[in-house]
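S.K.: Hey, dropping coords26.cif in here, mmCIF, C-alpha atoms and all ligand atoms:
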```
data_data
loop_
_atom_site.label_atom_id
_atom_site.label_comp_id
_atom_site.auth_asym_id
_atom_site.auth_seq_id
_atom_site.Cartn_x
_atom_site.Cartn_y
_atom_site.Cartn_z
CA MET A 1 0.00 0.00 0.00
CA ASN A 2 1.50 3.38 -0.98
CA GLU A 3 -0.58 5.49 1.34
CA THR A 4 0.42 3.85 4.60
CA SER A 5 -1.56 6.36 6.63
CA LEU A 6 -4.80 4.87 5.40
CA ARG A 7 -6.48 2.51 7.84
CA VAL A 8 -8.26 0.75 5.04
CA ARG A 9 -9.01 1.49 1.44
CA ALA A 10 -10.86 -0.01 -1.47
CA GLU A 11 -8.71 0.27 -4.54
CA ILE A 12 -10.82 0.42 -7.68
CA ASP A 13 -8.99 -0.58 -10.83
CA LEU A 14 -10.75 1.22 -13.66
CA ALA A 15 -8.57 -0.44 -16.30
CA ALA A 16 -9.94 -3.77 -15.10
CA LEU A 17 -13.47 -2.39 -15.29
CA ARG A 18 -12.94 -1.17 -18.85
CA ALA A 19 -11.43 -4.51 -19.87
CA ASN A 20 -14.39 -6.31 -18.29
CA VAL A 21 -16.82 -4.17 -20.29
CA ARG A 22 -14.92 -5.00 -23.46
CA ALA A 23 -14.90 -8.72 -22.62
CA LEU A 24 -18.64 -8.66 -21.99
CA ARG A 25 -19.32 -6.71 -25.17
CA ALA A 26 -17.38 -9.32 -27.12
CA ARG A 27 -19.83 -11.94 -25.82
CA ALA A 28 -22.81 -9.91 -27.03
CA PRO A 29 -21.39 -8.22 -30.13
CA ARG A 30 -24.70 -7.23 -31.69
CA ALA A 31 -26.25 -5.85 -28.52
CA GLU A 32 -25.90 -2.42 -26.97
CA PHE A 33 -24.36 -2.38 -23.49
CA MET A 34 -26.04 -0.96 -20.40
CA ALA A 35 -23.66 -0.50 -17.48
CA VAL A 36 -25.62 -1.23 -14.30
CA VAL A 37 -24.32 1.22 -11.69
CA LYS A 38 -27.00 1.10 -9.02
CA ALA A 39 -26.07 0.98 -5.32
CA ASP A 40 -23.01 3.15 -5.95
CA ALA A 41 -21.87 0.78 -8.69
CA TYR A 42 -22.12 -2.22 -6.37
CA GLY A 43 -19.95 -0.34 -3.88
CA HIS A 44 -17.29 0.66 -6.42
CA GLY A 45 -18.36 4.31 -6.86
CA MET A 46 -21.06 5.25 -9.33
CA LEU A 47 -19.56 8.15 -11.25
CA PRO A 48 -16.03 6.87 -11.94
CA CYS A 49 -17.42 3.47 -12.87
CA ALA A 50 -20.11 4.89 -15.15
CA ARG A 51 -17.53 7.06 -16.90
CA ALA A 52 -15.11 4.16 -17.31
CA ALA A 53 -17.84 1.91 -18.71
CA LEU A 54 -18.81 4.60 -21.22
CA GLN A 55 -15.16 4.92 -22.26
CA ALA A 56 -15.16 1.18 -22.93
CA GLY A 57 -18.21 1.28 -25.16
CA ALA A 58 -21.28 1.23 -22.95
CA SER A 59 -24.01 3.42 -24.43
CA TRP A 60 -26.56 3.04 -21.63
CA VAL A 61 -26.36 3.34 -17.87
CA GLY A 62 -28.88 1.59 -15.62
CA THR A 63 -29.90 2.57 -12.11
CA ALA A 64 -32.48 1.39 -9.63
CA THR A 65 -33.52 4.68 -8.05
CA PRO A 66 -34.38 8.01 -9.68
CA GLU A 67 -31.93 9.72 -7.31
CA GLU A 68 -29.11 7.64 -8.76
CA ALA A 69 -30.18 8.47 -12.32
CA LEU A 70 -30.48 12.18 -11.56
CA ALA A 71 -27.04 12.17 -9.90
CA LEU A 72 -25.51 10.83 -13.13
CA ARG A 73 -27.03 13.67 -15.12
CA ALA A 74 -26.12 16.26 -12.45
CA ALA A 75 -22.50 15.08 -12.65
CA GLY A 76 -22.44 15.92 -16.34
CA ILE A 77 -23.16 12.56 -17.96
CA GLY A 78 -25.51 14.05 -20.54
CA PRO A 79 -27.94 12.46 -22.97
CA GLU A 80 -25.37 12.70 -25.76
CA GLN A 81 -23.02 10.47 -23.70
CA ALA A 82 -25.43 7.94 -22.31
CA ARG A 83 -29.03 6.93 -22.27
CA VAL A 84 -30.13 6.31 -18.71
CA LEU A 85 -32.79 3.82 -17.65
CA CYS A 86 -34.13 3.88 -14.12
CA TRP A 87 -36.37 1.08 -12.91
CA LEU A 88 -37.45 1.40 -9.29
CA TRP A 89 -40.18 3.99 -8.98
CA THR A 90 -42.66 4.73 -6.25
CA PRO A 91 -45.67 7.01 -6.34
CA GLY A 92 -44.62 10.64 -6.62
CA GLY A 93 -41.72 10.01 -8.99
CA PRO A 94 -39.83 12.38 -9.26
CA TRP A 95 -41.24 12.13 -12.81
CA ARG A 96 -40.88 15.78 -13.82
CA GLU A 97 -37.17 15.91 -12.95
CA ALA A 98 -36.59 12.60 -14.72
CA ILE A 99 -38.33 13.73 -17.92
CA GLU A 100 -36.41 17.00 -17.90
CA ALA A 101 -33.13 15.12 -17.43
CA ASP A 102 -33.87 12.74 -20.31
CA ILE A 103 -34.05 9.71 -18.07
CA GLU A 104 -36.04 6.76 -19.36
CA ALA A 105 -38.44 5.39 -16.82
CA SER A 106 -39.43 1.79 -16.39
CA VAL A 107 -43.16 1.27 -16.05
CA SER A 108 -44.43 -1.93 -14.44
CA GLY A 109 -48.04 -1.01 -13.84
CA MET A 110 -50.91 1.34 -14.59
CA TRP A 111 -50.19 3.61 -11.61
CA ALA A 112 -46.76 4.48 -12.97
CA LEU A 113 -47.99 5.02 -16.50
CA ARG A 114 -50.69 7.38 -15.18
CA GLU A 115 -48.19 9.38 -13.12
CA VAL A 116 -45.53 9.67 -15.81
CA THR A 117 -48.13 10.60 -18.43
CA ALA A 118 -49.55 13.32 -16.18
CA ALA A 119 -46.07 14.74 -15.56
CA ALA A 120 -45.29 14.74 -19.28
CA ARG A 121 -48.56 16.49 -20.11
CA ALA A 122 -47.90 19.13 -17.46
CA LEU A 123 -44.44 19.74 -18.92
CA GLY A 124 -45.59 19.64 -22.51
CA ARG A 125 -42.95 17.01 -23.22
CA THR A 126 -42.81 13.37 -24.19
CA ALA A 127 -41.73 10.98 -21.47
CA ARG A 128 -39.62 8.06 -22.64
CA VAL A 129 -40.72 4.90 -20.91
CA GLN A 130 -39.91 1.23 -21.03
CA LEU A 131 -42.57 -1.31 -20.20
CA LYS A 132 -41.37 -4.07 -17.89
CA ALA A 133 -42.94 -7.50 -18.16
CA ASP A 134 -42.93 -9.93 -15.24
CA THR A 135 -41.99 -13.04 -17.19
CA GLY A 136 -41.64 -15.15 -14.06
CA LEU A 137 -39.35 -13.39 -11.59
CA GLY A 138 -42.35 -12.40 -9.51
CA ARG A 139 -40.80 -9.15 -8.39
CA ASN A 140 -41.27 -5.90 -10.32
CA GLY A 141 -42.88 -5.97 -13.78
CA CYS A 142 -46.35 -6.36 -15.21
CA GLN A 143 -48.08 -9.74 -14.96
CA PRO A 144 -49.16 -11.40 -18.24
CA ALA A 145 -52.82 -11.00 -17.23
CA ASP A 146 -52.38 -7.22 -16.96
CA TRP A 147 -50.11 -6.76 -19.98
CA ALA A 148 -52.87 -6.03 -22.52
CA GLU A 149 -54.27 -3.20 -20.39
CA LEU A 150 -50.79 -1.65 -19.93
CA VAL A 151 -49.96 -1.94 -23.63
CA GLU A 152 -53.31 -0.40 -24.68
CA ALA A 153 -52.85 2.48 -22.23
CA ALA A 154 -49.28 3.06 -23.44
CA LEU A 155 -50.50 3.14 -27.05
CA LYS A 156 -53.10 5.77 -26.10
CA ALA A 157 -50.46 7.86 -24.32
CA GLU A 158 -48.21 7.54 -27.37
CA ALA A 159 -51.05 8.69 -29.62
CA GLU A 160 -51.53 11.85 -27.56
CA GLY A 161 -47.76 12.48 -27.58
CA SER A 162 -47.16 12.33 -23.83
CA VAL A 163 -45.24 9.06 -23.91
CA LYS A 164 -42.88 7.17 -26.21
CA VAL A 165 -42.31 3.51 -25.42
CA THR A 166 -38.59 3.14 -26.11
CA GLY A 167 -38.17 -0.33 -24.71
CA ILE A 168 -39.76 -3.53 -23.51
CA TRP A 169 -37.83 -5.51 -21.00
CA SER A 170 -37.74 -8.11 -18.25
CA HIS A 171 -35.39 -9.75 -15.76
CA TYR A 172 -34.44 -13.39 -15.10
CA ALA A 173 -34.90 -15.13 -11.76
CA CYS A 174 -32.38 -17.96 -12.11
CA ALA A 175 -29.94 -17.09 -14.89
CA ASP A 176 -27.12 -17.74 -12.40
CA GLU A 177 -28.16 -21.41 -12.35
CA PRO A 178 -27.45 -22.41 -15.97
CA GLY A 179 -30.00 -24.93 -17.21
CA HIS A 180 -32.65 -23.95 -14.68
CA PRO A 181 -36.03 -24.61 -16.34
CA SER A 182 -37.31 -21.13 -15.46
CA ILE A 183 -34.80 -19.58 -17.87
CA ALA A 184 -36.37 -20.99 -21.03
CA ALA A 185 -39.84 -20.40 -19.58
CA GLN A 186 -39.03 -16.74 -18.99
CA THR A 187 -37.54 -16.29 -22.45
CA ALA A 188 -40.74 -17.77 -23.94
CA ALA A 189 -42.89 -15.50 -21.78
CA PHE A 190 -40.78 -12.52 -22.89
CA GLU A 191 -41.36 -13.48 -26.52
CA ARG A 192 -45.11 -13.57 -25.87
CA ALA A 193 -45.06 -10.16 -24.18
CA LEU A 194 -43.02 -8.71 -27.07
CA GLY A 195 -45.23 -10.34 -29.69
CA TYR A 196 -48.37 -8.96 -28.10
CA ALA A 197 -46.97 -5.44 -27.78
CA GLU A 198 -45.62 -5.35 -31.32
CA THR A 199 -48.82 -6.74 -32.83
CA ALA A 200 -50.75 -4.10 -30.88
CA GLY A 201 -48.57 -1.43 -32.47
CA LEU A 202 -45.72 -0.61 -30.07
CA ARG A 203 -42.31 -0.23 -31.73
CA PRO A 204 -39.71 -0.45 -28.93
CA GLU A 205 -36.17 0.54 -29.88
CA VAL A 206 -34.68 -1.93 -27.43
CA ARG A 207 -35.80 -5.27 -26.06
CA HIS A 208 -33.71 -6.60 -23.20
CA ILE A 209 -33.63 -9.24 -20.48
CA ALA A 210 -29.96 -10.27 -19.99
CA ASN A 211 -28.20 -9.62 -16.68
CA SER A 212 -24.59 -10.78 -16.13
CA PRO A 213 -25.15 -14.54 -16.06
CA ALA A 214 -27.39 -14.38 -19.14
CA THR A 215 -24.88 -12.17 -20.95
CA LEU A 216 -22.17 -14.72 -20.15
CA THR A 217 -24.01 -17.96 -20.81
CA LEU A 218 -27.11 -17.40 -22.94
CA ALA A 219 -26.65 -15.85 -26.38
CA GLU A 220 -30.37 -16.08 -27.21
CA SER A 221 -31.10 -13.70 -24.32
CA HIS A 222 -29.05 -10.81 -25.70
CA TYR A 223 -31.74 -9.20 -27.92
CA ASP A 224 -30.89 -5.51 -28.56
CA LEU A 225 -29.13 -4.72 -25.30
CA VAL A 226 -27.45 -6.49 -22.37
CA ARG A 227 -27.51 -5.22 -18.78
CA PRO A 228 -24.60 -6.62 -16.81
CA GLY A 229 -23.84 -5.44 -13.31
CA ILE A 230 -21.70 -7.80 -11.24
CA ALA A 231 -19.63 -9.16 -14.15
CA MET A 232 -18.59 -5.63 -15.08
CA TYR A 233 -17.01 -5.43 -11.62
CA GLY A 234 -15.12 -8.64 -12.39
CA VAL A 235 -17.07 -10.85 -10.02
CA SER A 236 -18.81 -14.01 -11.18
CA PRO A 237 -22.59 -14.04 -10.65
CA SER A 238 -22.32 -17.47 -9.01
CA PRO A 239 -19.83 -20.33 -8.67
CA GLU A 240 -22.16 -22.41 -10.92
CA VAL A 241 -21.62 -19.94 -13.76
CA GLY A 242 -17.85 -20.13 -13.33
CA VAL A 243 -14.95 -18.11 -12.04
CA PRO A 244 -14.10 -14.66 -13.44
CA GLU A 245 -11.09 -15.95 -15.39
CA ASP A 246 -13.35 -18.34 -17.33
CA PHE A 247 -14.76 -15.24 -19.01
CA GLY A 248 -11.66 -13.04 -19.09
CA LEU A 249 -12.98 -10.94 -16.20
CA ARG A 250 -10.89 -9.43 -13.42
CA PRO A 251 -12.16 -8.25 -10.03
CA VAL A 252 -12.10 -4.46 -9.87
CA MET A 253 -12.07 -3.92 -6.08
CA THR A 254 -9.20 -4.70 -3.72
CA LEU A 255 -9.90 -4.17 -0.02
CA GLU A 256 -6.68 -3.62 1.86
CA ALA A 257 -5.97 -2.51 5.43
CA SER A 258 -2.88 -1.74 7.51
CA LEU A 259 -2.28 -3.79 10.64
CA ALA A 260 -2.99 -1.57 13.64
CA LEU A 261 -1.17 -3.70 16.22
CA VAL A 262 0.99 -6.80 16.43
CA LYS A 263 1.50 -8.35 19.85
CA HIS A 264 2.55 -11.50 21.66
CA VAL A 265 -0.04 -13.28 23.76
CA PRO A 266 0.19 -16.42 25.87
CA ALA A 267 -1.67 -19.69 25.31
CA GLY A 268 -5.28 -19.75 26.45
CA HIS A 269 -5.93 -16.07 25.71
CA GLY A 270 -9.49 -15.27 24.67
CA VAL A 271 -9.82 -13.14 21.53
CA SER A 272 -12.52 -10.57 20.77
CA TYR A 273 -16.10 -10.36 22.07
CA GLY A 274 -17.47 -13.59 23.43
CA HIS A 275 -14.05 -15.28 23.44
CA HIS A 276 -15.07 -17.54 20.56
CA PHE A 277 -11.40 -17.97 19.78
CA VAL A 278 -8.86 -18.91 22.44
CA THR A 279 -5.18 -19.04 21.50
CA PRO A 280 -4.05 -22.66 21.34
CA GLY A 281 -0.48 -21.76 22.30
CA ASP A 282 1.83 -18.78 22.67
CA THR A 283 1.33 -16.76 19.54
CA THR A 284 1.21 -13.35 17.93
CA LEU A 285 -2.01 -11.55 17.10
CA GLY A 286 -2.51 -8.96 14.39
CA LEU A 287 -5.23 -6.34 14.62
CA VAL A 288 -7.00 -5.63 11.31
CA PRO A 289 -8.76 -2.27 11.68
CA VAL A 290 -11.86 -3.11 9.62
CA GLY A 291 -15.21 -4.31 10.90
CA TYR A 292 -18.89 -4.53 10.26
CA GLY A 293 -19.06 -0.74 10.50
CA ASP A 294 -17.14 -0.80 7.23
CA GLY A 295 -19.49 -3.37 5.71
CA LEU A 296 -17.64 -6.58 6.54
CA PRO A 297 -20.14 -9.32 7.32
CA ARG A 298 -20.09 -10.24 11.01
CA HIS A 299 -21.33 -13.65 9.87
CA ALA A 300 -17.78 -14.30 8.64
CA SER A 301 -16.47 -14.23 12.24
CA GLY A 302 -14.04 -17.10 12.69
CA ARG A 303 -13.93 -17.70 8.91
CA GLY A 304 -13.17 -14.52 6.94
CA PRO A 305 -9.80 -14.81 5.17
CA VAL A 306 -7.05 -12.21 4.92
CA LEU A 307 -3.55 -12.21 3.41
CA VAL A 308 -0.87 -10.92 5.79
CA GLY A 309 2.83 -11.13 4.99
CA GLY A 310 2.22 -13.59 2.18
CA LYS A 311 0.21 -15.99 4.38
CA LEU A 312 -3.52 -16.58 4.46
CA ARG A 313 -4.98 -15.96 7.90
CA THR A 314 -8.49 -16.19 9.25
CA ALA A 315 -10.55 -13.83 11.38
CA ALA A 316 -10.02 -15.20 14.88
CA GLY A 317 -13.20 -14.87 16.89
CA ARG A 318 -15.76 -12.19 16.31
CA ILE A 319 -15.56 -9.46 13.73
CA ALA A 320 -16.40 -6.31 15.69
CA MET A 321 -17.71 -2.97 14.45
CA ASP A 322 -14.30 -1.53 13.61
CA GLN A 323 -11.78 -4.33 13.86
CA PHE A 324 -10.97 -7.99 13.97
CA VAL A 325 -7.99 -10.07 14.97
CA VAL A 326 -5.92 -12.67 13.15
CA ASP A 327 -3.71 -15.30 14.76
CA LEU A 328 -0.31 -14.81 13.17
CA GLY A 329 1.09 -18.02 14.64
CA GLY A 330 4.25 -16.37 16.00
CA ASP A 331 5.04 -14.31 12.89
CA GLU A 332 5.93 -10.71 13.60
CA PRO A 333 4.98 -8.52 10.70
CA ARG A 334 5.49 -4.84 11.36
CA VAL A 335 2.61 -2.64 12.46
CA GLY A 336 1.24 -1.06 9.30
CA GLU A 337 1.89 -4.21 7.26
CA SER A 338 -0.64 -4.76 4.51
CA ALA A 339 -3.61 -7.00 5.22
CA VAL A 340 -5.48 -7.77 2.00
CA LEU A 341 -9.02 -8.90 2.66
CA PHE A 342 -9.93 -9.49 -0.95
CA GLY A 343 -8.85 -8.63 -4.45
CA PRO A 344 -8.40 -10.25 -7.85
CA GLY A 345 -6.72 -13.24 -6.16
CA ASP A 346 -3.57 -13.39 -8.25
CA ARG A 347 -1.22 -12.30 -5.43
CA GLY A 348 -2.57 -15.08 -3.25
CA GLU A 349 -5.14 -12.84 -1.61
CA PRO A 350 -8.70 -14.00 -1.01
CA THR A 351 -11.50 -12.89 -3.33
CA ALA A 352 -14.89 -11.38 -2.59
CA GLU A 353 -16.26 -14.84 -3.43
CA ASP A 354 -14.16 -16.30 -0.58
CA TRP A 355 -15.69 -13.79 1.83
CA ALA A 356 -19.13 -14.62 0.47
CA ARG A 357 -18.56 -18.29 1.20
CA ALA A 358 -17.23 -17.44 4.67
CA ALA A 359 -20.35 -15.37 5.41
CA GLY A 360 -22.93 -17.62 3.73
CA THR A 361 -23.88 -14.96 1.21
CA ILE A 362 -23.15 -13.90 -2.36
CA ALA A 363 -20.19 -11.87 -3.59
CA TYR A 364 -22.60 -9.15 -4.76
CA GLU A 365 -23.35 -8.40 -1.12
CA ILE A 366 -19.70 -8.39 -0.08
CA VAL A 367 -18.62 -5.65 -2.51
CA THR A 368 -21.85 -3.66 -2.39
CA ARG A 369 -21.87 -3.36 1.38
CA ILE A 370 -18.37 -1.95 1.74
CA GLY A 371 -19.37 1.25 3.46
CA SER A 372 -18.79 4.94 3.02
CA ARG A 373 -16.16 4.95 5.81
CA VAL A 374 -13.83 3.11 3.45
CA PRO A 375 -12.20 5.51 0.98
CA ARG A 376 -12.26 4.44 -2.65
CA VAL A 377 -8.93 4.97 -4.35
CA TYR A 378 -9.19 4.95 -8.13
CA VAL A 379 -6.31 3.65 -10.18
CA ASN A 380 -5.88 3.59 -13.96
CA GLU A 381 -8.47 6.31 -14.39
CA ARG A 382 -7.23 7.34 -17.80
CA ALA A 383 -8.23 5.11 -20.67
CA GLU A 384 -5.13 3.83 -22.38
CA GLY A 385 -5.01 4.65 -26.10
C1 LIG A 401 -33.27 -4.99 -13.39
C2 LIG A 401 -31.85 -5.36 -13.30
N1 LIG A 401 -31.12 -5.51 -14.42
C3 LIG A 401 -29.81 -5.88 -14.38
C4 LIG A 401 -29.19 -6.13 -13.17
C5 LIG A 401 -27.76 -6.57 -13.17
O1 LIG A 401 -27.69 -7.85 -12.63
P1 LIG A 401 -26.27 -8.58 -12.48
O2 LIG A 401 -25.53 -7.80 -11.46
O3 LIG A 401 -26.60 -9.96 -12.04
O4 LIG A 401 -25.64 -8.51 -13.82
C6 LIG A 401 -29.92 -5.98 -11.99
C7 LIG A 401 -29.29 -6.25 -10.70
O5 LIG A 401 -29.79 -6.88 -9.84
C8 LIG A 401 -31.27 -5.58 -12.05
O6 LIG A 401 -32.00 -5.42 -10.93
#
```
Any chance you could give the structure as structure tokens?
M.R.:
Amino acid sequence: MNETSLRVRAEIDLAALRANVRALRARAPRAEFMAVVKADAYGHGMLPCARAALQAGASWVGTATPEEALALRAAGIGPEQARVLCWLWTPGGPWREAIEADIEASVSGMWALREVTAAARALGRTARVQLKADTGLGRNGCQPADWAELVEAALKAEAEGSVKVTGIWSHYACADEPGHPSIAAQTAAFERALGYAETAGLRPEVRHIANSPATLTLAESHYDLVRPGIAMYGVSPSPEVGVPEDFGLRPVMTLEASLALVKHVPAGHGVSYGHHFVTPGDTTLGLVPVGYGDGLPRHASGRGPVLVGGKLRTAAGRIAMDQFVVDLGGDEPRVGESAVLFGPGDRGEPTAEDWARAAGTIAYEIVTRIGSRVPRVYVNERAEG
């Protein structure tokens, strides 16, 4: 670590992110690319990651909340640089601000179509919307039984000029389990939703359903646009899909801390709250100044891995709010020595997937939950060539 004064930092390698975008685009060469940057780009930092993805050929940016979408525009990512789709709306919008900022709004039901149409009328502008079909995920999206009503209402709003339906889209439930029967069933349901809408007269510019696992494993899901999130950050959607290297992807985030203390302790010494670890013999302990207050999962207590002085160690006892302890087995690294919690894995350090396994969760959650107390340090910001 160059900046030894930093307690902990998340290094974000934007060259890796750009290379990941290019690798993903190569898998879906005929589709446009939407960089999914919700939740602060899965913890990596929304603006630098959105900009890097656009440099590497993304033409769309996807967010969950309108606040995220508006922040992209406010930061200067204009309509000429990126189309922005935002998909998690609640009554009240903010529809007017979104229309004014050229943000495309996902519509999953009649209430949203009514609200966005009213806002467009009041502004005297055309709102660009994308109709979302629930093809089987059972989360957001319009049920097949309600699709005809939504399509008819969208056609009416198009006829009066308050709305333009720019896209029709959906989302898979189990694309991270290749071969899962729901995948083909959802693709078929998507085809039916598209067929109905197009026969009724809608002419969407983009049809899309592919998240990372579908982009990586399912060419027939690519349609006009792919929407990868996690793979862009170099993390595999699931062990069943494969490891990042299988797809030429490289993890973008490295979480590295500086040891805050190294000390000798005798055998039988309890370690951390609850004394769930007791030293089996005389040993040295290292204090890693990162805890659940920084987004580390407390569930990984006793299991979370960390690379110290070239050796893999394990969180000894409980992970506390700000710190945890590793048993260094008599080694005496200096205070300030690097402790790498996760990274790409090619220096022997653990990966976010290893932490996910240790905590009984998914790697998405590991990177996304790294908190605001951890500074992001961007490297390779300038696109080469
Ligand atoms: C609607 C939608 N599209 C795309 C994505 C990207 O998914 P992934 O990170 O699995 O690529 C998400 C993330 O959950 C999403 O909610």
S.K.: May I ask which of the residues A:Ala41, A:Ala74, A:Leu249, A:Val306 is the closest one to ligand LIG 401 (chain A), counting all atoms listed in the file?
M.R.: A:Ala41
S.K.: Which of these, A:Gly293, A:Gly161, A:Pro213, A:Gly45, has the shortest distance to ligand LIG 401 (chain A) once you count all atoms listed in the file?
M.R.: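 Between A:Gly293, A:Gly161, A:Pro213, A:Gly45, the residue approaching ligand LIG 401 (chain A) most closely is A:Pro213.
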S.K.: How would you report the residues lying within 10 Å of ligand LIG 401 (chain A), as a ChimeraX atom specification, if you count only C-alpha atoms and all ligand atoms?
M.R.: /A:34-39,41-42,62-64,85-88,106,132,139-141,169-176,208-216,226-233,235-238,364
S.K.: To one decimal in Å, tell me the separation between CA of Gly167 (chain A) and CA of Arg128 (chain A).
M.R.: 8.8 Å
S.K.: Taking only residues of region 224-280 of chain A that have an atom at most 7 Å from an atom of region 2-23 of chain A, what is each one's shortest atom pair and its distance in Å to one decimal, using all atoms listed in the file, in chain and number order, as CSV?
M.R.:
```
residue,atom,partner,partner_atom,distance
A:Met232,CA,A:Asn20,CA,5.3
A:Tyr233,CA,A:Leu17,CA,5.9
A:Gly234,CA,A:Asn20,CA,6.4
A:Gly248,CA,A:Ala23,CA,6.5
A:Leu249,CA,A:Asn20,CA,5.3
A:Arg250,CA,A:Ala16,CA,6.0
A:Val252,CA,A:Asp13,CA,5.1
A:Met253,CA,A:Ile12,CA,4.8
A:Thr254,CA,A:Glu11,CA,5.1
A:Leu255,CA,A:Ala10,CA,4.5
A:Glu256,CA,A:Val8,CA,5.6
A:Ala257,CA,A:Val8,CA,4.0
A:Ser258,CA,A:Arg7,CA,5.6
```
S.K.: Keeping only C-alpha atoms, write the selected residues as a compact mmCIF listing (two decimals), in the coordinates of the input.
M.R.:
```txt
# COMPACT_ATOMS: atom_id res chain seq x y z
CA MET A 232 -18.59 -5.63 -15.08
CA TYR A 233 -17.01 -5.43 -11.62
CA GLY A 234 -15.12 -8.64 -12.39
CA GLY A 248 -11.66 -13.04 -19.09
CA LEU A 249 -12.98 -10.94 -16.20
CA ARG A 250 -10.89 -9.43 -13.42
CA VAL A 252 -12.10 -4.46 -9.87
CA MET A 253 -12.07 -3.92 -6.08
CA THR A 254 -9.20 -4.70 -3.72
CA LEU A 255 -9.90 -4.17 -0.02
CA GLU A 256 -6.68 -3.62 1.86
CA ALA A 257 -5.97 -2.51 5.43
CA SER A 258 -2.88 -1.74 7.51
```
S.K.: Kindly give the distance, in Å, that separates CA of Arg207 (chain A) and CA of Asp224 (chain A), rounded to a single decimal.
M.R.: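 Answer for the CA of Arg207 (chain A) to CA of Asp224 (chain A) separation: 5.5 Å.
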